[in-house]
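Student: Have a look at the structure that comes next, please.
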Amino acid sequence: MKIRQLGSTDLYPTLMGIGGFHLIETPQTDVTQILNSYLDRGGNYIETAADYGDGISEKKIAAAVSTRRDEFILASKCGRRTKKEAERSIQRSLKNLQSDHLDILFMHAVQTTEEADQIHAKDGAIHAALEAQKNGMVKYIAVSGHGYPYGLLRSIEQFDYDLLMTHFNYFDQYNYPVIHEKLAPMCFEQGVGLVGMKALADGYLYRTPEQSIRFALNQPISTLVLGANTMDYLDYDWSLTDSFEFLNETELKELKNSA
C-alpha cells in the first residue's frame with residue numbers, strides 16, 4: 001500500500017489507518033485477528049483515545065499488538081483540558097497501551113474556541129503534552145476535532161502543532177466548507193500534517209463507500225482512519241485504499257452534485 005509523509009514529521013503512514021473507537025464493542029479475539037492481519041499486510045497506523053470506552057480500546061489494542069510495537073505508528077488522544085488532568089490521562093494511556101511512548105498525542109475533540117483557549121492557557125493541557133514530549137513519552141503533538149472547525153483554527157493559531165485530524169467527506173464539504181477553504185490550506189502552508197477520518201460521514205454515505213473513501217484520499221491528507229471492526233470490513237477497506245486512484249474532474253463533479 002502507498003504511504004505519504006505526514007506533514008513535516010518523519011512519519012510515513014499507509015493510506016489506510018485503523019481507528020480504535022469501534023474496537024470498544026469488538027471481542028478481544030476479533031481485535032487481535034484484525035489488527036495483526038492489518039500489520040501483516042503492511043498497514044502501519046493504529047489510533048485510539050483515552051476516552052474510547054474509558055480506556056477499553058487502548059487495552060484491547062495493547063493485548064492484540066503490543067509485542068509488535070515497533071511495526072506501527074501509535075496514536076492516542078487526550079480529552080482533558082487542564083495540565084494536571086492531561087498528565088494523568090497521558091500516563092494512563094501509556095499504561096493501558098503497554099508502551100513507553102506515543103508517536104502521536106492528539107488534543108482530543110477541540111470543537112470550540114473556548115476549548116482551544118483552555119488547552120493553551122497557562123495551566124492548560126498543552127503544557128502536559130510538552131513535558132511528555134520533553135521526557136520522551138510523546139514524539140509529536142497534534143490536535144483533533146470534528147464538526148465545527150473553529151476550535152481547530154484557533155488551536156493552530158495558538159500553537160505549532162505537528163499534525164491535525166478532522167473529517168473529510170463529500171457530504172460535509174457543504175456543511176463545513178471552512179475545512180476545505182481555510183483550515184486545510186492553513187495546515188499546508190504551516191507544514192501541519194493532516195489525518196482524515198469519517199469518510200462515510202458517520203454512516204450517511206453508506207451507499208457509496210468506494211466513492212467516499214476515494215474522495216477523502218483525494219484531499220491533502222496523509223492517512224485515512226477507518227473503523228474496520230470486522231475482518232470483512234478490513235478486507236473491503238484495504239482493497240479500496242490499496243487500489244486507490246485519484247478521482248477525475250467528472251467524478252468529483254458528480255459527487256458534489258449528489259451530496
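Identifiers in the C-alpha cells: chain A, B, ... in order shown; residue index from 1 per chain; ligand index from 1 in order shown.
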Could you list, as a ChimeraX atom specification, every residue within 7 Å of segment 143-154 of chain A, counting only C-alpha atoms and ignoring same-chain residues fewer than 3 positions away?

Tutor: /A:106-113,115-116,157-158,163-167,176,179,183

Student: Which segment 64-151 of chain A residues have any atom within 12 Å of an atom of segment 53-56 of chain A, and for each, what is the nearest pair of atoms with distance in Å to one decimal, counting only C-alpha atoms, rows sorted by chain and number, as JSON lines?

Tutor:
```
{"residue": "A:Ser76", "atom": "CA", "partner": "A:Gly55", "partner_atom": "CA", "distance": 10.4}
{"residue": "A:Lys77", "atom": "CA", "partner": "A:Gly55", "partner_atom": "CA", "distance": 10.8}
{"residue": "A:Cys78", "atom": "CA", "partner": "A:Gly55", "partner_atom": "CA", "distance": 11.1}
{"residue": "A:Gly79", "atom": "CA", "partner": "A:Asp54", "partner_atom": "CA", "distance": 11.1}
{"residue": "A:Ser89", "atom": "CA", "partner": "A:Gly55", "partner_atom": "CA", "distance": 9.8}
{"residue": "A:Ile90", "atom": "CA", "partner": "A:Gly55", "partner_atom": "CA", "distance": 11.2}
{"residue": "A:Gln91", "atom": "CA", "partner": "A:Gly55", "partner_atom": "CA", "distance": 11.7}
{"residue": "A:Arg92", "atom": "CA", "partner": "A:Gly55", "partner_atom": "CA", "distance": 8.2}
{"residue": "A:Ser93", "atom": "CA", "partner": "A:Gly55", "partner_atom": "CA", "distance": 7.3}
{"residue": "A:Leu94", "atom": "CA", "partner": "A:Gly55", "partner_atom": "CA", "distance": 10.5}
{"residue": "A:Lys95", "atom": "CA", "partner": "A:Gly55", "partner_atom": "CA", "distance": 9.9}
{"residue": "A:Asn96", "atom": "CA", "partner": "A:Gly55", "partner_atom": "CA", "distance": 6.8}
{"residue": "A:Leu97", "atom": "CA", "partner": "A:Gly55", "partner_atom": "CA", "distance": 9.0}
```

Student: Can those selected residues be exported to a file as a CSV table (one decimal), in the first residue's frame so that it contains C-alpha atoms?

Tutor:
```csv
chain,number,residue,atom,x,y,z
A,76,SER,CA,-3.9,8.2,21.2
A,77,LYS,CA,-5.9,11.2,22.3
A,78,CYS,CA,-6.3,13.3,25.4
A,79,GLY,CA,-9.6,14.9,26.1
A,89,SER,CA,-4.5,10.9,31.1
A,90,ILE,CA,-1.2,10.6,29.3
A,91,GLN,CA,0.2,8.3,32.0
A,92,ARG,CA,-2.8,6.1,32.0
A,93,SER,CA,-2.8,5.8,28.2
A,94,LEU,CA,0.8,4.7,28.2
A,95,LYS,CA,0.0,2.1,30.9
A,96,ASN,CA,-3.1,0.9,29.0
A,97,LEU,CA,-1.2,0.6,25.7
```

Student: Could you give me, as a ChimeraX atom specification, the residues within 7 Å of Ala125 of chain A, counting only C-alpha atoms and dropping anything in the same chain fewer than 2 positions from it?

Tutor: /A:80-83,86,119-120,123,127-129

Student: What lies within 6 Å of segment 43-47 of chain A using only C-alpha atoms, ignoring chain neighbours under 5 positions off, as number ranges by chain?

Tutor: A: 13-14, 17-20, 38, 72-76

Student: Store the residues of this selection in a file with all heavy atoms, as a PDB file, in the first residue's frame.

Tutor:
```pdb
ATOM      1  N   PRO A  13       2.855   7.128   7.200  1.00  0.00           N
ATOM      2  CA  PRO A  13       1.781   6.147   7.376  1.00  0.00           C
ATOM      3  C   PRO A  13       1.257   5.620   6.045  1.00  0.00           C
ATOM      4  O   PRO A  13       1.345   6.283   5.007  1.00  0.00           O
ATOM      5  CB  PRO A  13       0.696   6.955   8.095  1.00  0.00           C
ATOM      6  CG  PRO A  13       0.907   8.350   7.612  1.00  0.00           C
ATOM      7  CD  PRO A  13       2.388   8.502   7.464  1.00  0.00           C
ATOM      8  N   THR A  14       0.692   4.422   6.109  1.00  0.00           N
ATOM      9  CA  THR A  14      -0.016   3.890   4.957  1.00  0.00           C
ATOM     10  C   THR A  14      -1.317   4.666   4.768  1.00  0.00           C
ATOM     11  O   THR A  14      -1.830   5.290   5.705  1.00  0.00           O
ATOM     12  CB  THR A  14      -0.336   2.401   5.166  1.00  0.00           C
ATOM     13  OG1 THR A  14      -0.879   2.209   6.485  1.00  0.00           O
ATOM     14  CG2 THR A  14       0.919   1.552   5.020  1.00  0.00           C
ATOM     15  N   GLY A  17      -5.397   3.853   7.789  1.00  0.00           N
ATOM     16  CA  GLY A  17      -5.126   3.675   9.205  1.00  0.00           C
ATOM     17  C   GLY A  17      -6.334   3.015   9.857  1.00  0.00           C
ATOM     18  O   GLY A  17      -7.440   3.015   9.293  1.00  0.00           O
ATOM     19  N   ILE A  18      -6.120   2.449  11.028  1.00  0.00           N
ATOM     20  CA  ILE A  18      -7.234   1.818  11.761  1.00  0.00           C
ATOM     21  C   ILE A  18      -7.542   2.637  13.004  1.00  0.00           C
ATOM     22  O   ILE A  18      -6.645   2.962  13.786  1.00  0.00           O
ATOM     23  CB  ILE A  18      -6.900   0.369  12.144  1.00  0.00           C
ATOM     24  CG1 ILE A  18      -7.037  -0.536  10.918  1.00  0.00           C
ATOM     25  CG2 ILE A  18      -7.829  -0.137  13.244  1.00  0.00           C
ATOM     26  CD1 ILE A  18      -7.055  -2.010  11.226  1.00  0.00           C
ATOM     27  N   GLY A  19      -8.828   2.950  13.166  1.00  0.00           N
ATOM     28  CA  GLY A  19      -9.273   3.687  14.342  1.00  0.00           C
ATOM     29  C   GLY A  19      -9.746   2.757  15.434  1.00  0.00           C
ATOM     30  O   GLY A  19     -10.224   1.649  15.154  1.00  0.00           O
ATOM     31  N   GLY A  20      -9.656   3.202  16.679  1.00  0.00           N
ATOM     32  CA  GLY A  20      -9.948   2.341  17.817  1.00  0.00           C
ATOM     33  C   GLY A  20     -11.329   2.481  18.421  1.00  0.00           C
ATOM     34  O   GLY A  20     -11.671   1.721  19.328  1.00  0.00           O
ATOM     35  N   TYR A  38      -3.974  -6.625   9.744  1.00  0.00           N
ATOM     36  CA  TYR A  38      -3.654  -5.301   9.198  1.00  0.00           C
ATOM     37  C   TYR A  38      -2.140  -5.087   9.149  1.00  0.00           C
ATOM     38  O   TYR A  38      -1.595  -4.659   8.126  1.00  0.00           O
ATOM     39  CB  TYR A  38      -4.331  -4.235  10.057  1.00  0.00           C
ATOM     40  CG  TYR A  38      -3.915  -2.820   9.790  1.00  0.00           C
ATOM     41  CD1 TYR A  38      -4.324  -2.156   8.645  1.00  0.00           C
ATOM     42  CD2 TYR A  38      -3.107  -2.128  10.704  1.00  0.00           C
ATOM     43  CE1 TYR A  38      -3.948  -0.840   8.403  1.00  0.00           C
ATOM     44  CE2 TYR A  38      -2.738  -0.821  10.475  1.00  0.00           C
ATOM     45  CZ  TYR A  38      -3.151  -0.176   9.318  1.00  0.00           C
ATOM     46  OH  TYR A  38      -2.767   1.125   9.088  1.00  0.00           O
ATOM     47  N   PHE A  72       4.480  -0.184  13.979  1.00  0.00           N
ATOM     48  CA  PHE A  72       3.405   0.731  13.606  1.00  0.00           C
ATOM     49  C   PHE A  72       3.497   2.051  14.356  1.00  0.00           C
ATOM     50  O   PHE A  72       4.124   2.159  15.411  1.00  0.00           O
ATOM     51  CB  PHE A  72       2.030   0.092  13.855  1.00  0.00           C
ATOM     52  CG  PHE A  72       1.755  -0.302  15.278  1.00  0.00           C
ATOM     53  CD1 PHE A  72       1.088   0.559  16.141  1.00  0.00           C
ATOM     54  CD2 PHE A  72       2.147  -1.542  15.757  1.00  0.00           C
ATOM     55  CE1 PHE A  72       0.824   0.198  17.454  1.00  0.00           C
ATOM     56  CE2 PHE A  72       1.881  -1.930  17.061  1.00  0.00           C
ATOM     57  CZ  PHE A  72       1.219  -1.052  17.919  1.00  0.00           C
ATOM     58  N   ILE A  73       2.865   3.049  13.762  1.00  0.00           N
ATOM     59  CA  ILE A  73       2.701   4.367  14.370  1.00  0.00           C
ATOM     60  C   ILE A  73       1.529   4.272  15.340  1.00  0.00           C
ATOM     61  O   ILE A  73       0.424   3.863  14.967  1.00  0.00           O
ATOM     62  CB  ILE A  73       2.407   5.418  13.291  1.00  0.00           C
ATOM     63  CG1 ILE A  73       3.583   5.532  12.310  1.00  0.00           C
ATOM     64  CG2 ILE A  73       2.096   6.776  13.920  1.00  0.00           C
ATOM     65  CD1 ILE A  73       3.222   6.251  11.014  1.00  0.00           C
ATOM     66  N   LEU A  74       1.761   4.635  16.590  1.00  0.00           N
ATOM     67  CA  LEU A  74       0.724   4.541  17.621  1.00  0.00           C
ATOM     68  C   LEU A  74       0.289   5.938  18.037  1.00  0.00           C
ATOM     69  O   LEU A  74       1.107   6.764  18.450  1.00  0.00           O
ATOM     70  CB  LEU A  74       1.246   3.777  18.833  1.00  0.00           C
ATOM     71  CG  LEU A  74       0.281   3.624  20.016  1.00  0.00           C
ATOM     72  CD1 LEU A  74      -0.991   2.890  19.601  1.00  0.00           C
ATOM     73  CD2 LEU A  74       0.970   2.910  21.168  1.00  0.00           C
ATOM     74  N   ALA A  75      -1.002   6.191  17.919  1.00  0.00           N
ATOM     75  CA  ALA A  75      -1.558   7.489  18.295  1.00  0.00           C
ATOM     76  C   ALA A  75      -2.674   7.301  19.301  1.00  0.00           C
ATOM     77  O   ALA A  75      -3.472   6.369  19.206  1.00  0.00           O
ATOM     78  CB  ALA A  75      -2.108   8.213  17.063  1.00  0.00           C
ATOM     79  N   SER A  76      -2.722   8.191  20.286  1.00  0.00           N
ATOM     80  CA  SER A  76      -3.865   8.237  21.189  1.00  0.00           C
ATOM     81  C   SER A  76      -4.230   9.699  21.414  1.00  0.00           C
ATOM     82  O   SER A  76      -3.526  10.607  20.960  1.00  0.00           O
ATOM     83  CB  SER A  76      -3.583   7.523  22.516  1.00  0.00           C
ATOM     84  OG  SER A  76      -4.798   7.288  23.217  1.00  0.00           O
TER      85      SER A  76
END
```

Student: Considering only C-alpha atoms, state which residue in the set A:Ser155, A:Gln28, A:Leu11, A:Lys139 is at the smallest distance from Gln118 of chain A.

Tutor: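 Checking each candidate against Gln118 of chain A, we get A:Ser155 as the closest.
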
Student: Among segment 18-97 of chain A, which residues carry a DSSP assignment of helix (DSSP H, G or I), reported as a PyMOL selection string?

Tutor: chain A and resi 21-23+28-40+56-71+83-97

Student: Using only C-alpha atoms, what table do you get, as a Markdown table, when you list each residue of segment 93-210 of chain A with an atom no more than 12 Å from segment 228-239 of chain A, its nearest pair of atoms, and their distance in Å rounded to one decimal, rows by chain then rising number?

Tutor:
```
| residue | atom | partner | partner_atom | distance |
| --- | --- | --- | --- | --- |
| A:Ala199 | CA | A:Asp237 | CA | 11.3 |
| A:Leu200 | CA | A:Asp237 | CA | 11.8 |
| A:Pro209 | CA | A:Asp237 | CA | 8.8 |
| A:Glu210 | CA | A:Asp237 | CA | 8.7 |
```

Student: Near Ser258 of chain A, within 9 Å and counting only C-alpha atoms, which residues show up once chain neighbours fewer than 5 positions away are dropped, as a list in words?

Tutor: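 These residues fall inside the cut-off: Tyr170, Phe171 and Lys253 of chain A.
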
Student: Those same residues, written as an mmCIF file, in the first residue's frame with C-alpha atoms?

Tutor:
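Contents of result-v1.cif, freshly written:
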```cif
data_model
loop_
_atom_site.group_PDB
_atom_site.id
_atom_site.type_symbol
_atom_site.label_atom_id
_atom_site.label_comp_id
_atom_site.auth_asym_id
_atom_site.auth_seq_id
_atom_site.Cartn_x
_atom_site.Cartn_y
_atom_site.Cartn_z
ATOM 1 C CA TYR A 170 -18.200 14.850 0.271
ATOM 2 C CA PHE A 171 -21.301 15.304 2.451
ATOM 3 C CA LYS A 253 -18.406 16.937 -10.078
#
```

Student: Go ahead and compute the interatomic distance for atom CA of Gln219 of chain A and atom CA of Ser243 of chain A, in Å to one decimal.

Tutor: 16.3 Å

Student: Name the residues in contact with Asp40 of chain A at a cut-off of 12 Å, using only C-alpha atoms, excluding same-chain residues fewer than 2 positions from it; report them as a PyMOL selection string.

Tutor: chain A and resi 1+32-38+42-44+65+68+71-72

Student: Please compute the atom CA of Cys187 of chain A-atom CA of Leu15 of chain A distance, one decimal, in Å.

Tutor: 18.6 Å

Student: For Glu251 of chain A, find every residue with an atom within 12 Å (counting only C-alpha atoms), except residues of its own chain fewer than 6 positions away, and show them as a VMD selection string.

Tutor: chain A and resid 170 210 to 212 214 to 215 218 245 257 to 258

Student: Mind pulling up the distance from atom CA of Ile141 of chain A to atom CA of Lys60 of chain A?

Tutor: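 Between atom CA of Lys60 of chain A and atom CA of Ile141 of chain A the gap works out to 23.3 Å.
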